[in-house]
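> Structure file work.txt (compact mmCIF, C-alpha atoms and all ligand atoms) right here:
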# COMPACT_ATOMS: atom_id res chain seq x y z
CA MET A 1 135.92 -8.43 6.13
CA ALA A 2 132.93 -8.25 8.51
CA PRO A 3 131.48 -11.68 9.38
CA MET A 4 128.25 -12.56 7.56
CA PRO A 5 125.17 -13.08 9.74
CA THR A 6 123.91 -16.64 9.79
CA SER A 7 120.36 -15.95 10.96
CA VAL A 8 117.80 -13.19 10.88
CA ALA A 9 118.27 -12.66 14.63
CA GLU A 10 122.01 -12.30 14.13
CA ALA A 11 121.54 -9.95 11.19
CA VAL A 12 119.29 -7.80 13.31
CA ALA A 13 121.77 -7.83 16.21
CA MET A 14 124.56 -6.81 13.83
CA ALA A 15 122.42 -3.99 12.50
CA GLY A 16 122.58 -2.51 15.96
CA TYR A 17 119.13 -2.78 17.48
CA HIS A 18 117.21 -5.25 19.60
CA VAL A 19 114.10 -7.07 18.54
CA ALA A 20 111.84 -7.70 21.54
CA PRO A 21 110.01 -10.99 21.96
CA GLY A 22 106.57 -10.99 20.38
CA VAL A 23 107.44 -8.85 17.34
CA GLY A 24 107.00 -11.68 14.82
CA ALA A 25 103.74 -12.80 16.47
CA ALA A 26 102.36 -9.24 16.55
CA LEU A 27 103.06 -8.88 12.83
CA LYS A 28 101.53 -12.25 12.03
CA GLN A 29 98.36 -11.54 13.98
CA PHE A 30 97.78 -8.14 12.44
CA VAL A 31 94.90 -7.89 9.96
CA LEU A 32 94.60 -4.70 7.90
CA PRO A 33 91.01 -3.46 8.29
CA GLU A 34 89.10 -2.07 5.30
CA LYS A 35 88.44 1.29 6.96
CA LEU A 36 91.66 3.00 7.98
CA GLY A 37 90.77 6.63 8.69
CA PHE A 38 93.70 8.72 9.86
CA GLY A 39 95.35 7.36 13.00
CA LEU A 40 92.51 4.98 13.83
CA VAL A 41 94.55 1.86 13.11
CA ALA A 42 97.90 1.36 14.82
CA ALA A 43 100.62 -0.71 13.18
CA PRO A 44 101.53 -3.63 15.48
CA LEU A 45 105.14 -2.50 16.08
CA MET A 46 106.98 0.48 17.52
CA PHE A 47 110.63 1.53 17.78
CA SER A 48 112.21 3.04 20.86
CA ALA A 49 115.67 4.38 21.73
CA GLU A 50 116.82 6.11 24.89
CA TRP A 51 119.26 8.93 25.44
CA SER A 52 121.29 9.31 28.62
CA ASP A 53 124.77 10.52 29.57
CA GLY A 54 125.05 12.30 26.26
CA ASN A 55 124.51 9.23 24.08
CA TRP A 56 121.84 7.31 22.25
CA GLY A 57 121.54 3.73 23.43
CA ARG A 58 120.74 0.74 21.27
CA GLY A 59 117.27 0.99 19.75
CA GLU A 60 114.57 -1.62 20.14
CA LEU A 61 111.75 -2.85 17.94
CA LEU A 62 108.77 -3.84 20.08
CA PRO A 63 105.14 -4.89 19.73
CA TYR A 64 102.94 -1.76 19.80
CA GLY A 65 101.52 -1.16 23.26
CA PRO A 66 101.43 1.06 26.36
CA ILE A 67 104.70 2.52 27.59
CA GLU A 68 105.81 3.32 31.11
CA ILE A 69 106.53 6.92 31.98
CA LEU A 70 106.98 8.62 35.34
CA PRO A 71 104.02 10.89 36.12
CA GLY A 72 106.46 13.70 36.88
CA ALA A 73 108.29 13.38 33.55
CA ARG A 74 108.91 16.73 31.95
CA ALA A 75 107.24 15.59 28.74
CA LEU A 76 103.99 15.38 30.70
CA GLN A 77 104.53 18.36 33.00
CA TYR A 78 106.19 20.85 30.65
CA ALA A 79 105.39 19.59 27.12
CA GLU A 80 109.02 18.66 26.52
CA LEU A 81 108.00 16.84 23.35
CA VAL A 82 108.63 17.36 19.64
CA PHE A 83 107.44 15.15 16.82
CA GLU A 84 107.34 14.53 13.08
CA GLY A 85 104.97 13.08 10.49
CA LEU A 86 105.89 11.39 7.21
CA LYS A 87 104.54 8.70 4.94
CA ALA A 88 105.78 5.48 3.33
CA TYR A 89 104.09 4.46 0.07
CA LYS A 90 103.85 1.16 -1.76
CA VAL A 91 101.59 1.94 -4.71
CA GLY A 92 103.60 1.98 -7.91
CA GLU A 93 106.37 -0.46 -6.94
CA ALA A 94 106.95 -3.70 -5.08
CA GLY A 95 108.97 -2.21 -2.24
CA PRO A 96 108.15 0.71 0.04
CA ASN A 97 109.49 4.22 -0.40
CA LEU A 98 109.61 7.30 1.81
CA PHE A 99 108.99 10.89 0.75
CA ARG A 100 111.76 13.37 1.66
CA PRO A 101 112.58 11.74 5.04
CA ARG A 102 115.77 13.76 5.41
CA GLU A 103 113.70 16.94 5.65
CA ASN A 104 111.78 15.38 8.52
CA TRP A 105 114.99 14.44 10.28
CA GLN A 106 116.33 17.96 9.85
CA ARG A 107 113.10 19.55 11.07
CA LEU A 108 113.09 17.25 14.11
CA ALA A 109 116.63 18.39 14.87
CA ARG A 110 115.57 22.04 14.58
CA SER A 111 112.52 21.42 16.77
CA ALA A 112 114.70 19.68 19.38
CA GLN A 113 117.17 22.55 19.28
CA ARG A 114 114.40 25.11 19.89
CA LEU A 115 113.35 23.19 23.01
CA SER A 116 116.99 22.61 24.07
CA MET A 117 116.60 18.89 23.67
CA PRO A 118 119.33 16.62 22.23
CA ALA A 119 119.03 16.03 18.49
CA VAL A 120 118.15 12.55 17.31
CA SER A 121 121.20 11.58 15.28
CA GLU A 122 120.71 10.91 11.59
CA SER A 123 121.67 7.27 12.08
CA VAL A 124 119.18 6.70 14.94
CA PHE A 125 116.40 8.48 13.04
CA PHE A 126 116.91 6.52 9.82
CA GLN A 127 117.41 3.23 11.61
CA ALA A 128 114.12 3.73 13.42
CA ILE A 129 112.01 4.69 10.41
CA GLU A 130 113.62 2.19 8.05
CA VAL A 131 113.20 -0.65 10.54
CA MET A 132 109.56 0.31 11.08
CA VAL A 133 108.80 0.61 7.35
CA GLY A 134 110.85 -2.47 6.47
CA ALA A 135 109.24 -4.61 9.17
CA CYS A 136 105.71 -3.34 8.43
CA HIS A 137 106.07 -3.47 4.63
CA ARG A 138 103.35 -6.11 4.21
CA LEU A 139 100.75 -3.90 5.81
CA ILE A 140 101.44 -0.82 3.71
CA PRO A 141 98.32 -0.42 1.55
CA ARG A 142 98.79 -0.61 -2.21
CA GLU A 143 95.81 1.53 -3.19
CA SER A 144 96.48 5.08 -4.36
CA GLY A 145 95.81 7.55 -1.55
CA ARG A 146 96.70 5.03 1.17
CA SER A 147 100.04 4.77 2.91
CA LEU A 148 101.83 4.08 6.18
CA TYR A 149 101.99 7.24 8.27
CA LEU A 150 105.03 7.40 10.57
CA ARG A 151 105.01 9.42 13.74
CA PRO A 152 108.55 9.86 15.18
CA PHE A 153 108.62 11.70 18.52
CA LEU A 154 111.19 12.73 21.10
CA PHE A 155 110.35 13.48 24.71
CA GLY A 156 111.96 14.20 28.07
CA THR A 157 111.54 11.36 30.55
CA GLU A 158 113.18 12.76 33.69
CA ALA A 159 110.78 13.62 36.51
CA GLY A 160 111.08 16.95 38.30
CA TYR A 161 109.55 20.41 38.51
CA LEU A 162 112.68 22.51 38.12
CA LEU A 163 112.37 24.48 34.93
CA ARG A 164 115.20 22.94 33.01
CA ASN A 165 115.46 20.16 30.45
CA SER A 166 115.36 16.47 31.30
CA THR A 167 118.65 14.64 31.43
CA THR A 168 117.07 11.54 29.90
CA PHE A 169 115.06 11.32 26.70
CA ARG A 170 113.25 8.76 24.62
CA PHE A 171 112.82 8.70 20.86
CA MET A 172 110.03 6.57 19.48
CA VAL A 173 108.43 5.84 16.13
CA ILE A 174 104.89 4.56 15.86
CA ALA A 175 103.02 4.03 12.60
CA ASN A 176 99.51 3.88 11.21
CA PRO A 177 98.20 2.57 7.91
CA VAL A 178 96.10 5.53 6.73
CA GLU A 179 93.85 6.94 4.07
CA ILE A 180 94.32 10.50 2.90
CA TYR A 181 93.10 12.79 5.65
CA SER A 182 90.17 14.47 3.95
CA SER A 183 86.48 15.11 4.39
CA GLY A 184 85.88 17.10 1.19
CA PRO A 185 86.40 20.85 0.77
CA MET A 186 87.29 22.37 4.13
CA ARG A 187 85.18 25.00 5.90
CA VAL A 188 87.61 27.31 7.62
CA ALA A 189 87.02 29.52 10.69
CA ILE A 190 89.21 32.63 10.76
CA GLU A 191 90.45 32.84 14.37
CA ARG A 192 90.55 36.47 15.52
CA ASP A 193 90.94 35.91 19.29
CA ASP A 194 93.27 33.08 20.24
CA VAL A 195 96.84 33.04 18.97
CA ARG A 196 98.66 29.85 18.07
CA ALA A 197 102.28 30.92 17.75
CA ALA A 198 104.27 34.14 18.03
CA VAL A 199 107.60 35.09 16.49
CA GLY A 200 110.23 34.06 19.04
CA GLY A 201 107.98 31.30 20.39
CA VAL A 202 107.90 27.68 19.32
CA GLY A 203 105.71 27.91 16.19
CA THR A 204 108.49 26.93 13.82
CA ALA A 205 109.12 23.80 15.89
CA LYS A 206 106.83 20.81 15.57
CA ALA A 207 106.26 20.97 19.31
CA SER A 208 103.20 19.53 21.01
CA ALA A 209 102.66 22.81 22.84
CA ASN A 210 101.61 24.49 19.58
CA TYR A 211 98.86 21.97 19.05
CA ALA A 212 97.61 22.39 22.61
CA ALA A 213 97.30 26.13 21.94
CA SER A 214 95.12 25.41 18.91
CA LEU A 215 92.61 23.03 20.48
CA ARG A 216 90.11 25.56 21.85
CA ALA A 217 89.69 27.26 18.48
CA SER A 218 89.51 23.89 16.70
CA ASN A 219 86.71 22.80 19.03
CA ALA A 220 84.89 26.11 18.54
CA ALA A 221 85.19 25.74 14.76
CA VAL A 222 83.79 22.20 14.84
CA ALA A 223 80.94 23.36 17.11
CA ARG A 224 80.01 25.86 14.35
CA GLY A 225 79.91 23.09 11.74
CA LEU A 226 83.32 24.10 10.35
CA THR A 227 86.41 22.01 9.78
CA VAL A 228 89.42 23.89 11.08
CA ALA A 229 90.76 27.20 12.44
CA LEU A 230 92.89 29.59 10.38
CA TRP A 231 95.58 31.32 12.45
CA LEU A 232 96.72 34.93 12.15
CA ASP A 233 99.98 36.51 13.28
CA ALA A 234 100.25 37.15 17.01
CA ARG A 235 101.38 40.77 16.82
CA GLU A 236 98.69 42.37 14.66
CA GLN A 237 96.20 39.56 14.02
CA ARG A 238 96.44 40.70 10.44
CA PHE A 239 98.56 38.29 8.44
CA ILE A 240 97.68 34.67 7.67
CA GLN A 241 99.92 32.08 9.29
CA GLU A 242 98.51 28.60 8.61
CA LEU A 243 95.80 26.16 9.63
CA SER A 244 96.19 24.09 12.81
CA GLY A 245 97.98 21.31 10.94
CA MET A 246 98.47 22.54 7.37
CA ASN A 247 99.98 25.38 5.38
CA LEU A 248 97.88 27.57 3.09
CA PHE A 249 98.01 28.64 -0.55
CA ALA A 250 95.76 31.01 -2.53
CA VAL A 251 95.41 31.35 -6.30
CA ILE A 252 95.30 35.09 -7.02
CA GLY A 253 95.26 36.31 -10.61
CA GLY A 254 96.20 32.79 -11.71
CA GLU A 255 99.39 32.78 -9.59
CA LEU A 256 100.11 30.95 -6.35
CA HIS A 257 100.57 32.91 -3.13
CA THR A 258 101.55 31.45 0.24
CA PRO A 259 102.45 33.19 3.51
CA ALA A 260 106.20 33.72 3.77
CA LEU A 261 107.82 31.83 6.65
CA ASP A 262 107.58 34.51 9.32
CA GLY A 263 109.37 32.89 12.25
CA ALA A 264 106.14 31.48 13.68
CA ILE A 265 104.76 29.32 10.83
CA LEU A 266 105.75 25.66 10.63
CA PRO A 267 107.90 25.20 7.50
CA GLY A 268 105.87 22.42 5.90
CA ILE A 269 107.65 19.89 3.72
CA THR A 270 104.57 19.64 1.50
CA ARG A 271 104.56 23.45 1.21
CA ASP A 272 108.21 23.42 0.18
CA SER A 273 107.63 20.56 -2.29
CA LEU A 274 104.64 22.34 -3.83
CA ILE A 275 106.57 25.55 -4.37
CA THR A 276 109.18 23.62 -6.35
CA LEU A 277 106.66 21.45 -8.17
CA ALA A 278 104.31 24.32 -9.06
CA GLN A 279 107.20 26.33 -10.53
CA HIS A 280 108.23 23.24 -12.47
CA LEU A 281 104.68 23.04 -13.84
CA GLY A 282 104.79 26.67 -14.94
CA PHE A 283 103.03 28.42 -12.06
CA LYS A 284 104.39 31.67 -10.69
CA VAL A 285 104.75 31.31 -6.91
CA HIS A 286 104.93 34.15 -4.39
CA GLU A 287 105.98 33.74 -0.75
CA ARG A 288 104.90 36.95 0.96
CA PRO A 289 102.92 38.30 3.90
CA LEU A 290 99.24 37.66 3.10
CA ALA A 291 96.85 39.97 4.94
CA ILE A 292 93.59 38.19 5.74
CA ASP A 293 91.40 41.20 4.93
CA ASP A 294 93.06 41.61 1.52
CA LEU A 295 92.50 37.94 0.75
CA LEU A 296 88.82 38.12 1.75
CA ALA A 297 88.37 41.21 -0.48
CA GLN A 298 90.06 39.34 -3.34
CA ILE A 299 87.73 36.38 -2.86
CA VAL A 300 84.75 38.77 -3.02
CA SER A 301 86.09 40.50 -6.15
CA GLY A 302 86.84 37.15 -7.81
CA GLU A 303 90.55 37.97 -8.13
CA CYS A 304 91.36 35.15 -5.71
CA THR A 305 89.79 32.13 -7.34
CA GLU A 306 90.92 29.31 -5.11
CA VAL A 307 92.32 28.63 -1.64
CA PHE A 308 93.76 25.33 -0.48
CA ALA A 309 95.75 23.77 2.35
CA CYS A 310 98.61 21.30 2.27
CA GLY A 311 100.39 18.91 4.59
CA THR A 312 101.62 15.34 4.84
CA ALA A 313 98.30 14.03 6.17
CA ALA A 314 95.95 15.56 3.59
CA ILE A 315 98.52 16.21 0.80
CA LEU A 316 96.33 19.00 -0.69
CA SER A 317 92.88 19.84 0.49
CA PRO A 318 90.66 22.48 -1.16
CA ILE A 319 89.06 25.15 1.01
CA GLY A 320 85.41 25.59 0.08
CA LEU A 321 84.57 28.41 2.46
CA LEU A 322 86.17 30.83 4.91
CA THR A 323 84.08 32.43 7.59
CA ASP A 324 84.80 35.34 9.89
CA ARG A 325 83.86 36.20 13.46
CA ASP A 326 80.77 38.03 12.15
CA ARG A 327 79.76 34.76 10.42
CA ARG A 328 80.05 36.31 6.97
CA GLU A 329 81.02 33.59 4.50
CA TYR A 330 83.61 33.89 1.73
CA VAL A 331 83.41 31.28 -1.02
CA PRO A 332 86.17 31.08 -3.64
CA VAL A 333 84.71 30.70 -7.15
CA GLN A 334 86.73 27.58 -7.91
CA ILE A 335 87.01 24.84 -5.35
CA ASP A 336 89.50 22.32 -6.70
CA SER A 337 91.16 23.38 -9.92
CA ALA A 338 94.85 24.24 -9.38
CA ALA A 339 94.70 22.19 -6.16
CA ALA A 340 93.54 19.08 -8.01
CA GLN A 341 96.29 19.46 -10.62
CA LEU A 342 98.99 19.97 -8.00
CA ARG A 343 97.68 17.21 -5.74
CA GLU A 344 97.77 14.66 -8.55
CA ALA A 345 101.25 15.77 -9.67
CA LEU A 346 102.63 15.50 -6.12
CA LEU A 347 100.86 12.27 -5.21
CA ALA A 348 102.02 10.63 -8.44
CA ILE A 349 105.65 11.36 -7.48
CA GLN A 350 105.10 10.20 -3.88
CA GLU A 351 103.44 7.00 -5.07
CA ARG A 352 106.06 6.42 -7.77
CA ARG A 353 103.43 6.53 -10.51
CA ALA A 354 105.38 9.33 -12.19
CA PRO A 355 109.10 10.13 -12.56
CA ASP A 356 110.65 11.95 -9.60
CA PRO A 357 112.75 14.72 -11.21
CA PHE A 358 113.67 16.15 -7.81
CA GLY A 359 115.04 12.96 -6.19
CA TRP A 360 112.49 13.21 -3.39
CA THR A 361 111.67 9.54 -2.84
CA ARG A 362 113.87 7.01 -1.06
CA ASP A 363 113.64 3.21 -1.21
CA VAL A 364 113.38 1.17 1.95
CA ALA A 365 114.40 -2.49 2.02
CA PRO A 366 111.66 -4.86 3.22
CA LEU A 367 112.66 -6.79 6.38
CA THR A 368 111.60 -10.29 7.28
CA LEU A 369 111.45 -10.82 11.02
C1 LIG B 401 101.04 23.27 12.09
C2 LIG B 401 101.36 22.57 10.84
N1 LIG B 401 101.59 23.28 9.73
C3 LIG B 401 101.91 22.70 8.56
C4 LIG B 401 102.01 21.32 8.45
C5 LIG B 401 102.40 20.71 7.15
O1 LIG B 401 103.71 20.22 7.24
P1 LIG B 401 104.20 19.01 6.34
O2 LIG B 401 103.89 19.37 4.95
O3 LIG B 401 105.65 18.90 6.62
O4 LIG B 401 103.42 17.83 6.80
C6 LIG B 401 101.76 20.53 9.57
C7 LIG B 401 101.80 19.09 9.50
O5 LIG B 401 102.74 18.45 9.64
C8 LIG B 401 101.46 21.17 10.81
O6 LIG B 401 101.24 20.44 11.90
Kindly present the structure from the file in structure tokens form.
Ligand SMILES: Cc1ncc(COP(=O)(O)O)c(C=O)c1O


Amino acid sequence: MAPMPTSVAEAVAMAGYHVAPGVGAALKQFVLPEKLGFGLVAAPLMFSAEWSDGNWGRGELLPYGPIEILPGARALQYAELVFEGLKAYKVGEAGPNLFRPRENWQRLARSAQRLSMPAVSESVFFQAIEVMVGACHRLIPRESGRSLYLRPFLFGTEAGYLLRNSTTFRFMVIANPVEIYSSGPMRVAIERDDVRAAVGGVGTAKASANYAASLRASNAAVARGLTVALWLDAREQRFIQELSGMNLFAVIGGELHTPALDGAILPGITRDSLITLAQHLGFKVHERPLAIDDLLAQIVSGECTEVFACGTAAILSPIGLLTDRDRREYVPVQIDSAAAQLREALLAIQERRAPDPFGWTRDVAPLTL
């Protein structure tokens, strides 16, 4: 039989990761502010593990703070960086729970594979997020709509300009207590010039490079008083892909339509969950190529009644207006009808306020450090 740990420090050592000095003090000193925003407030801890010689080393839980990286590291020079985003909730129950974390682990592995980076093993990934959630459990907000957002990321740390992968990597998890990312119905700019991701590129990976490609259009949208850019396919600029950080759904003739995964769209976990949940609630759901000009015509004719976006950060966010290059505005007749119903159904499962018929949520044990 394995020996029983006699102290917290020993238990932690047996669990296979280090706890750096200052972790307990950082947790104790942390005060949860009233205003959280999205990513404004950093949790006081972070987890880090390094990969070299083909193996993951022992992970470490540290106080949140600056990290050292060589200026020539390929993560900085060549965007050798992939990441994830998921939330831990503590609304309906005493202990924290995660929503579909396995899907995030699998997507991180696919993203790493696309960039020829080593996969983060399932055990390293789950150790990191469970240690972070367990250690930070006291600062997970209890109010509906609030949660602890986790940002796992993997990056190449070897310096050098040769166009090949690093031989050393680092996997980290940082976290932020957050409110739902939302500023009311979104005002969407249809992007007809820049392209975010092409089939064969890295769009299906959650790779930083995709977000860099979207920044110019996002800035231009904000400068026009809009919220976000809507991306079209790279080949014909005809079919809807997604927003810069969310997938898109439209209600057409009372049924849900979402762009089929085309080899460039990020396969959102919220998107996938909504397809299942909406069908469960009796909606008909279509995954198909959605031509932007057809959708705009259907908004004008009233056949398309509602458009909304979805993702981990915002859950579901209604789209109040789409506008084109010629500044013509398209306003769906309903702003938050099916979206509100689906958002509440999904959030209630995530927050454990409703039964979870799909087995999507996973308990995390609180840790005392
Ligand atoms: C480009 C992009 N599309 C879609 C999504 C939605 O994905 P998920 O529902 O897994 O958060 C995100 C956010 O993670 C994203 O960054």

> Residues within 6 Å of ligand LIG 401 (chain B) (only C-alpha atoms and all ligand atoms), as JSON, numbers by chain?

{"A": [85, 244, 245, 246, 247, 266, 268, 269, 270, 271, 311, 312]}

> Provide the CA of Leu321 (chain A) to CA of Pro259 (chain A) distance in Å, to one decimal place.

18.5 Å

> Just the residues within 7 Å of region 138-152 of chain A, please, counting only C-alpha atoms, with nothing from its chain fewer than 3 positions along; format it as a PDB file with C-alpha atoms, keeping the file's coordinate frame.


ATOM      1  CA  LEU A  32      94.600  -4.700   7.900  1.00  0.00           C
ATOM      2  CA  PHE A  83     107.440  15.150  16.820  1.00  0.00           C
ATOM      3  CA  GLU A  84     107.340  14.530  13.080  1.00  0.00           C
ATOM      4  CA  GLY A  85     104.970  13.080  10.490  1.00  0.00           C
ATOM      5  CA  LEU A  86     105.890  11.390   7.210  1.00  0.00           C
ATOM      6  CA  LYS A  87     104.540   8.700   4.940  1.00  0.00           C
ATOM      7  CA  ALA A  88     105.780   5.480   3.330  1.00  0.00           C
ATOM      8  CA  TYR A  89     104.090   4.460   0.070  1.00  0.00           C
ATOM      9  CA  LYS A  90     103.850   1.160  -1.760  1.00  0.00           C
ATOM     10  CA  VAL A  91     101.590   1.940  -4.710  1.00  0.00           C
ATOM     11  CA  MET A 172     110.030   6.570  19.480  1.00  0.00           C
ATOM     12  CA  VAL A 173     108.430   5.840  16.130  1.00  0.00           C
ATOM     13  CA  ILE A 174     104.890   4.560  15.860  1.00  0.00           C
ATOM     14  CA  ALA A 175     103.020   4.030  12.600  1.00  0.00           C
ATOM     15  CA  ASN A 176      99.510   3.880  11.210  1.00  0.00           C
ATOM     16  CA  PRO A 177      98.200   2.570   7.910  1.00  0.00           C
ATOM     17  CA  VAL A 178      96.100   5.530   6.730  1.00  0.00           C
ATOM     18  CA  GLU A 179      93.850   6.940   4.070  1.00  0.00           C
ATOM     19  CA  ILE A 180      94.320  10.500   2.900  1.00  0.00           C
TER      20      ILE A 180
END

> Name the residues in contact with region 274-276 of chain A at a cut-off of 10 Å, using all atoms listed in the file, excluding same-chain residues fewer than 5 positions from it; report them as an MDAnalysis selection string.

chainID A and resid 249 256:258 268:269 281 283:287 310 315:316 342:343 345:346 358

> Of the residues A:Leu81, A:Leu277, A:Ala223, A:Val19, which is the one nearest to Pro357 (chain A), using all atoms listed in the file?

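Ranked by minimum distance to Pro357 (chain A), first place goes to A:Leu277.
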
> Under the rule that all atoms listed in the file are counted, which of A:Ser214, A:Thr168, A:Asn104, A:Gln241 is the nearest residue to Arg196 (chain A)?

A:Ser214

> Find the residues near Asn219 (chain A): any atom within 12 Å, counting only C-alpha atoms, skip ones fewer than 4 places away on the same chain, and give them as an mmCIF file with C-alpha atoms, in the coordinates of the input.


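Here's the written file selection_36.cif:
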data_model
loop_
_atom_site.group_PDB
_atom_site.id
_atom_site.type_symbol
_atom_site.label_atom_id
_atom_site.label_comp_id
_atom_site.auth_asym_id
_atom_site.auth_seq_id
_atom_site.Cartn_x
_atom_site.Cartn_y
_atom_site.Cartn_z
ATOM 1 C CA ALA A 189 87.020 29.520 10.690
ATOM 2 C CA GLU A 191 90.450 32.840 14.370
ATOM 3 C CA ALA A 212 97.610 22.390 22.610
ATOM 4 C CA ALA A 213 97.300 26.130 21.940
ATOM 5 C CA SER A 214 95.120 25.410 18.910
ATOM 6 C CA LEU A 215 92.610 23.030 20.480
ATOM 7 C CA ALA A 223 80.940 23.360 17.110
ATOM 8 C CA ARG A 224 80.010 25.860 14.350
ATOM 9 C CA GLY A 225 79.910 23.090 11.740
ATOM 10 C CA LEU A 226 83.320 24.100 10.350
ATOM 11 C CA THR A 227 86.410 22.010 9.780
ATOM 12 C CA VAL A 228 89.420 23.890 11.080
ATOM 13 C CA ALA A 229 90.760 27.200 12.440
ATOM 14 C CA SER A 244 96.190 24.090 12.810
#

> Figure out the distance between CA of Val120 (chain A) and CA of Gln106 (chain A), please, to one decimal in Å.

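Separation between CA of Gln106 (chain A) and CA of Val120 (chain A): 9.4 Å.
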
> Which residues are near region 154-165 of chain A? Cut-off 10 Å, all atoms listed in the file, ignore same chain within fewer than 2 positions. Put them as number ranges by chain.

A: 48-51, 68-84, 108, 111-112, 115-120, 152, 167-173, 207

> Separation of CA of Leu36 (chain A) and CA of Gly184 (chain A), in Å?

16.7 Å

> Determine, counting only C-alpha atoms, which protein, DNA and RNA residues have an atom within 8 Å of an atom of Pro332 (chain A); residues of the same chain fewer than 3 positions away are not included. Present the result as a PyMOL selection string.

chain A and resi 299-300+302+304-307+320-321+335

> Between A:Val131, A:Ala278, A:Leu230, A:Val333, which residue has the minimum interatomic distance to Gly16 (chain A), considering all atoms listed in the file?

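Comparing A:Val131, A:Ala278, A:Leu230, A:Val333 against Gly16 (chain A), the winner is A:Val131.
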
> Here is a test: counting only C-alpha atoms, which residue of A:Ala209, A:His137, A:Leu40, A:Ala309 is nearest to Ala94 (chain A)?

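Nearest candidate to Ala94 (chain A) out of A:Ala209, A:His137, A:Leu40, A:Ala309: A:His137.
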
> Within 6 Å of (110.5, 18.4, 1.0) in the file's own coordinates, which protein, DNA or RNA residues have an atom, counting all atoms listed in the file? List them as a ChimeraX atom specification.

/A:100,103,269,272-273

> Go through A:Gly95, A:Pro366, A:Gly203, A:Pro318 one by one, measure the shortest atom-to-atom distance of each to Ala338 (chain A) using all atoms listed in the file, and give the residue with the smallest value.

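Counting all atoms listed in the file, the residue closest to Ala338 (chain A) is A:Pro318.
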
> Got a sec to check which residues sit within 8 Å of (120.0, 6.1, 16.0), counting only C-alpha atoms, and write them as an MDAnalysis selection string?

chainID A and resid 49 56:59 120:128

> Tell me which of A:Leu61, A:Val364, A:Leu98, A:Ile240 sits closest to Ala264 (chain A), counting all atoms listed in the file.

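Using all atoms listed in the file, the shortest distance to Ala264 (chain A) belongs to A:Ile240.
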
> Can I get region 297-301 of chain A with all heavy atoms filled in, as a compact mmCIF listing (two decimals), in the frame of the given file?


# COMPACT_ATOMS: atom_id res chain seq x y z
N ALA A 297 88.84 40.27 0.56
CA ALA A 297 88.37 41.21 -0.48
C ALA A 297 88.63 40.62 -1.86
O ALA A 297 87.79 40.78 -2.78
CB ALA A 297 89.09 42.55 -0.32
N GLN A 298 89.74 39.93 -2.03
CA GLN A 298 90.06 39.34 -3.34
C GLN A 298 89.17 38.14 -3.65
O GLN A 298 88.91 37.85 -4.81
CB GLN A 298 91.54 38.97 -3.39
CG GLN A 298 92.42 40.20 -3.53
CD GLN A 298 93.89 39.90 -3.29
OE1 GLN A 298 94.25 39.10 -2.43
NE2 GLN A 298 94.74 40.55 -4.06
N ILE A 299 88.70 37.47 -2.62
CA ILE A 299 87.73 36.38 -2.86
C ILE A 299 86.40 37.01 -3.32
O ILE A 299 85.78 36.55 -4.29
CB ILE A 299 87.53 35.52 -1.59
CG1 ILE A 299 88.81 34.72 -1.28
CG2 ILE A 299 86.35 34.55 -1.77
CD1 ILE A 299 88.78 33.94 0.02
N VAL A 300 86.01 38.09 -2.66
CA VAL A 300 84.75 38.77 -3.02
C VAL A 300 84.83 39.31 -4.45
O VAL A 300 83.90 39.16 -5.24
CB VAL A 300 84.43 39.89 -2.01
CG1 VAL A 300 83.24 40.73 -2.48
CG2 VAL A 300 84.14 39.31 -0.63
N SER A 301 85.97 39.91 -4.80
CA SER A 301 86.09 40.50 -6.15
C SER A 301 86.30 39.43 -7.23
O SER A 301 86.20 39.73 -8.41
CB SER A 301 87.27 41.48 -6.19
OG SER A 301 88.49 40.74 -6.18
